[in-house]
Amino acid sequence: MENQSFIAEFILLDFPQFHQQEHLLGMFLLASYLLTLAGNTMIIIVVIHDHHLHTPMYFFLWNLSCLEILITTSIVPKVLVSLLLGYKTISYPACISQCYFFFFLGSSDFALLAVMSYDRYMAICNPLRYAAVMTTQLCLWLVVGSCAAGFLATILPTILVSHLLFCHANSIDHFFCDSVALMKLACTDTSLVELVSFFSSTTTVLGSFIFTVMTYTFIVRTILKIPSASGRHKAFSTCSSHFIIVSLGYGSCIFMYVRPSGSNPSVNKMVSLINTVLTPLLSPFIFTLRNQQVKDALKAIFSRHAAYSKNNLKLGCG
């Protein structure tokens, strides 16, 4: 008999340990979400409008900011509705959709981080071939390939999760429809789903992580061979922002998904907040504060805007 869910909707338990502070937590997440949207949108606008940033590195950064917005938007608005308005239910189709899009976008994000590490490897280790290799067409294909990798890594585990049988329990001990939390509610055998999910997450996360570590190993070796201290500092500065984001993203995801199940749900939720809230929030500010070209582009945009507003004011007064 074909599996069919008897559950029409799920209840997200969110953070029961902070039940008395739900509104305060909701306001904090709302502020974080708005800052995430503002920061990543700022990166997108700056890269689009400043022709000096029309390079592969900033093209990938532009796409990374788009993914960060989509990742946090796939989770946080529902959490805000739950914490601030008290509507903790989510329909079965919406739950499966949220599960799919979060992992699809997250997998694409990791693939893109690996692509960005390759871009830095070519720029630092093979500078003479950089322009010939990192063409506009290749950059487009690398971004498309990152999204395709995310789609392929996520589609089968999500299909298997959607075919699980949920009989009675419908309370998800999480703040979103995480696949691990969903599998704990199933009243059928989940060993196949767990195996496929573990293999998929291991391949996606560890595969891209190993590739990134390898490229950075070559990058560091090349930088250390640069004779001048200023040259080494400049080379390290172009990679440091990317390395910080890589450390945050990979560290939390490896802890969450690339290991056997059975950990503390409260710990999982706290770690998940790093992926859904902290990393998308910090990413644009880390790239902005640690990148002189982006800071210069921001100053130029604000200067043009101030001059435009001043001219309009003069014309209005005249």
# chains A, B, ... in the order shown; residues from 1 in each chain; ligands from 1
$ residues_around --residues "Asn170 in chain A" --least-positions-apart "4" --cutoff "12 Å" --atoms "only C-alpha atoms" --output "list in words"
Ser5, Phe6, Ile7, Ala8, Glu9, Phe10, Ile11, Leu12, Leu13, Lys88, Thr89, Ile90, Ser91, Tyr92, Cys95, Leu165, Phe166, His174, Cys177, Ala181, Leu182, Met183, Lys184, Leu185, Ala186 and Cys187 of chain A
$ closest_atom_pairs --of "range 107-154 of chain A" --to "range 215-228 of chain A" --cutoff "9 Å" --atoms "only C-alpha atoms" --output "Markdown table"
| residue | atom | partner | partner_atom | distance |
| --- | --- | --- | --- | --- |
| A:Ala114 | CA | A:Thr215 | CA | 8.8 |
| A:Ser117 | CA | A:Thr215 | CA | 6.4 |
| A:Tyr118 | CA | A:Thr215 | CA | 6.4 |
| A:Arg120 | CA | A:Ile219 | CA | 7.7 |
| A:Tyr121 | CA | A:Ile219 | CA | 5.7 |
| A:Met122 | CA | A:Ile219 | CA | 8.9 |
| A:Ile124 | CA | A:Ile219 | CA | 6.5 |
| A:Cys125 | CA | A:Thr222 | CA | 6.1 |
$ write_last_selection --atoms "C-alpha atoms" --output "short mmCIF file (atom, residue, chain, number, x, y, z; two decimals), in the first residue's frame"
data_model
loop_
_atom_site.label_atom_id
_atom_site.label_comp_id
_atom_site.auth_asym_id
_atom_site.auth_seq_id
_atom_site.Cartn_x
_atom_site.Cartn_y
_atom_site.Cartn_z
CA ALA A 114 33.84 25.84 -2.98
CA SER A 117 37.76 29.08 -3.08
CA TYR A 118 38.70 27.90 -6.59
CA ARG A 120 40.86 32.64 -5.10
CA TYR A 121 43.16 29.71 -5.91
CA MET A 122 43.35 30.76 -9.56
CA ILE A 124 46.70 33.79 -6.23
CA CYS A 125 48.33 30.58 -7.45
#
$ closest_residue --among "A:Val76, A:Met57, A:Phe175, A:Cys239" --to "Ser266 in chain A" --atoms "only C-alpha atoms"
A:Phe175
$ closest_residue --among "A:Phe287, A:Val205, A:Asp14, A:Asn126" --to "Gly86 in chain A" --atoms "only C-alpha atoms"
A:Asp14
$ closest_residue --among "A:Phe15, A:Phe302, A:Tyr87, A:Tyr100" --to "Ile155 in chain A" --atoms "only C-alpha atoms"
A:Tyr100
$ residues_around --residues "Leu113 in chain A" --least-positions-apart "3" --cutoff "12 Å" --atoms "only C-alpha atoms" --output "PyMOL selection string"
chain A and resi 57+60-61+63-65+67-68+106-110+116-120+142-143+146-147+204-205+207-213+215-216+239+241-250
$ select_by_dssp --residues "range 57-223 of chain A" --states "strand (DSSP E or B)" --output "list in words"
Thr89, Ile90, Ser91, Ser171 and Ile172 of chain A
$ write_last_selection --atoms "C-alpha atoms" --output "PDB file, in the first residue's frame"
ATOM      1  CA  THR A  89       1.159  25.196  12.969  1.00  0.00           C
ATOM      2  CA  ILE A  90       2.463  24.513   9.481  1.00  0.00           C
ATOM      3  CA  SER A  91       0.662  22.473   6.843  1.00  0.00           C
ATOM      4  CA  SER A 171       4.884  18.133  17.187  1.00  0.00           C
ATOM      5  CA  ILE A 172       8.260  18.927  15.609  1.00  0.00           C
TER       6      ILE A 172
END
$ residues_around --residues "Gln293 in chain A" --least-positions-apart "4" --cutoff "9 Å" --atoms "only C-alpha atoms" --output "PyMOL selection string"
chain A and resi 52-53+288+297-298
$ write_last_selection --atoms "all heavy atoms" --output "mmCIF file, in the first residue's frame"
data_model
loop_
_atom_site.group_PDB
_atom_site.id
_atom_site.type_symbol
_atom_site.label_atom_id
_atom_site.label_comp_id
_atom_site.auth_asym_id
_atom_site.auth_seq_id
_atom_site.Cartn_x
_atom_site.Cartn_y
_atom_site.Cartn_z
ATOM 1 N N HIS A 52 34.023 48.669 -11.125
ATOM 2 C CA HIS A 52 35.289 48.131 -10.636
ATOM 3 C C HIS A 52 35.111 46.761 -9.975
ATOM 4 O O HIS A 52 36.083 46.010 -9.825
ATOM 5 C CB HIS A 52 35.934 49.094 -9.625
ATOM 6 C CG HIS A 52 36.328 50.415 -10.210
ATOM 7 N ND1 HIS A 52 35.582 51.563 -10.028
ATOM 8 C CD2 HIS A 52 37.385 50.768 -11.005
ATOM 9 C CE1 HIS A 52 36.152 52.563 -10.665
ATOM 10 N NE2 HIS A 52 37.252 52.112 -11.269
ATOM 11 N N LEU A 53 33.881 46.452 -9.577
ATOM 12 C CA LEU A 53 33.598 45.181 -8.907
ATOM 13 C C LEU A 53 33.025 44.142 -9.862
ATOM 14 O O LEU A 53 32.553 43.093 -9.421
ATOM 15 C CB LEU A 53 32.625 45.403 -7.739
ATOM 16 C CG LEU A 53 33.082 46.396 -6.668
ATOM 17 C CD1 LEU A 53 32.047 46.478 -5.546
ATOM 18 C CD2 LEU A 53 34.446 46.014 -6.098
ATOM 19 N N THR A 288 32.207 43.342 3.866
ATOM 20 C CA THR A 288 32.306 44.793 3.712
ATOM 21 C C THR A 288 33.430 45.366 4.556
ATOM 22 O O THR A 288 34.261 46.144 4.081
ATOM 23 C CB THR A 288 30.976 45.464 4.103
ATOM 24 O OG1 THR A 288 29.937 44.944 3.277
ATOM 25 C CG2 THR A 288 31.054 46.965 3.909
ATOM 26 N N ALA A 297 33.680 51.365 -2.779
ATOM 27 C CA ALA A 297 32.482 51.416 -3.631
ATOM 28 C C ALA A 297 31.294 51.968 -2.861
ATOM 29 O O ALA A 297 30.502 52.753 -3.398
ATOM 30 C CB ALA A 297 32.171 50.025 -4.169
ATOM 31 N N LEU A 298 31.169 51.571 -1.594
ATOM 32 C CA LEU A 298 30.077 52.092 -0.761
ATOM 33 C C LEU A 298 30.208 53.603 -0.572
ATOM 34 O O LEU A 298 29.218 54.342 -0.682
ATOM 35 C CB LEU A 298 30.092 51.394 0.603
ATOM 36 C CG LEU A 298 29.322 50.081 0.725
ATOM 37 C CD1 LEU A 298 29.582 49.440 2.079
ATOM 38 C CD2 LEU A 298 27.838 50.297 0.526
#
$ closest_residue --among "A:Ala169, A:Ala31, A:Val115, A:Val161" --to "Ser197 in chain A" --atoms "only C-alpha atoms"
A:Val161
$ residues_around --residues "Leu281 in chain A" --least-positions-apart "2" --cutoff "10 Å" --atoms "only C-alpha atoms" --output "mmCIF file with N, CA and C atoms, in the first residue's frame"
data_model
loop_
_atom_site.group_PDB
_atom_site.id
_atom_site.type_symbol
_atom_site.label_atom_id
_atom_site.label_comp_id
_atom_site.auth_asym_id
_atom_site.auth_seq_id
_atom_site.Cartn_x
_atom_site.Cartn_y
_atom_site.Cartn_z
ATOM 1 N N SER A 32 17.385 40.902 13.429
ATOM 2 C CA SER A 32 18.455 40.194 12.720
ATOM 3 C C SER A 32 18.078 39.952 11.264
ATOM 4 N N TYR A 33 16.817 39.595 11.029
ATOM 5 C CA TYR A 33 16.346 39.320 9.671
ATOM 6 C C TYR A 33 16.386 40.583 8.814
ATOM 7 N N LEU A 34 15.938 41.694 9.382
ATOM 8 C CA LEU A 34 15.952 42.953 8.629
ATOM 9 C C LEU A 34 17.376 43.395 8.316
ATOM 10 N N LEU A 35 18.286 43.204 9.280
ATOM 11 C CA LEU A 35 19.685 43.537 9.042
ATOM 12 C C LEU A 35 20.298 42.625 7.975
ATOM 13 N N THR A 36 19.892 41.353 7.984
ATOM 14 C CA THR A 36 20.371 40.407 6.972
ATOM 15 C C THR A 36 19.936 40.840 5.582
ATOM 16 N N LEU A 37 18.651 41.198 5.456
ATOM 17 C CA LEU A 37 18.145 41.663 4.164
ATOM 18 C C LEU A 37 18.860 42.935 3.724
ATOM 19 N N ALA A 38 19.030 43.869 4.662
ATOM 20 C CA ALA A 38 19.664 45.139 4.323
ATOM 21 C C ALA A 38 21.126 44.944 3.925
ATOM 22 N N GLY A 39 21.855 44.148 4.716
ATOM 23 C CA GLY A 39 23.275 43.945 4.451
ATOM 24 C C GLY A 39 23.540 43.239 3.139
ATOM 25 N N ASN A 40 22.811 42.156 2.884
ATOM 26 C CA ASN A 40 23.028 41.409 1.653
ATOM 27 C C ASN A 40 22.521 42.166 0.433
ATOM 28 N N GLU A 68 22.093 33.816 0.531
ATOM 29 C CA GLU A 68 21.928 34.077 1.967
ATOM 30 C C GLU A 68 20.547 34.662 2.249
ATOM 31 N N ILE A 69 20.083 35.565 1.392
ATOM 32 C CA ILE A 69 18.743 36.129 1.562
ATOM 33 C C ILE A 69 17.682 35.042 1.453
ATOM 34 N N THR A 72 17.737 32.474 4.611
ATOM 35 C CA THR A 72 17.123 32.986 5.832
ATOM 36 C C THR A 72 15.631 33.255 5.637
ATOM 37 N N ILE A 274 22.880 29.280 13.745
ATOM 38 C CA ILE A 274 24.086 29.798 13.091
ATOM 39 C C ILE A 274 23.887 29.822 11.583
ATOM 40 N N ASN A 275 23.308 28.724 11.036
ATOM 41 C CA ASN A 275 23.096 28.638 9.591
ATOM 42 C C ASN A 275 22.005 29.559 9.099
ATOM 43 N N THR A 276 20.910 29.645 9.858
ATOM 44 C CA THR A 276 19.730 30.359 9.380
ATOM 45 C C THR A 276 19.716 31.838 9.728
ATOM 46 N N VAL A 277 20.437 32.217 10.775
ATOM 47 C CA VAL A 277 20.394 33.612 11.226
ATOM 48 C C VAL A 277 21.779 34.247 11.263
ATOM 49 N N LEU A 278 22.712 33.613 11.981
ATOM 50 C CA LEU A 278 23.998 34.265 12.239
ATOM 51 C C LEU A 278 24.848 34.425 10.977
ATOM 52 N N THR A 279 25.046 33.337 10.224
ATOM 53 C CA THR A 279 25.904 33.417 9.037
ATOM 54 C C THR A 279 25.364 34.379 7.983
ATOM 55 N N SER A 283 27.647 37.659 7.147
ATOM 56 C CA SER A 283 28.332 37.548 5.864
ATOM 57 C C SER A 283 28.564 38.886 5.176
ATOM 58 N N PRO A 284 27.534 39.714 4.945
ATOM 59 C CA PRO A 284 27.798 40.978 4.224
ATOM 60 C C PRO A 284 28.682 41.933 4.994
ATOM 61 N N PHE A 285 28.563 41.933 6.328
ATOM 62 C CA PHE A 285 29.356 42.863 7.122
ATOM 63 C C PHE A 285 30.819 42.421 7.194
ATOM 64 N N ILE A 286 31.045 41.107 7.232
ATOM 65 C CA ILE A 286 32.421 40.606 7.207
ATOM 66 C C ILE A 286 33.076 40.962 5.876
#
$ atom_distance --atom1 "CA of Pro56 in chain A" --atom2 "CA of Leu282 in chain A"
21.7 Å
$ closest_residue --among "A:Pro280, A:Gly150, A:Pro16, A:Gly145" --to "Phe104 in chain A" --atoms "only C-alpha atoms"
A:Gly150
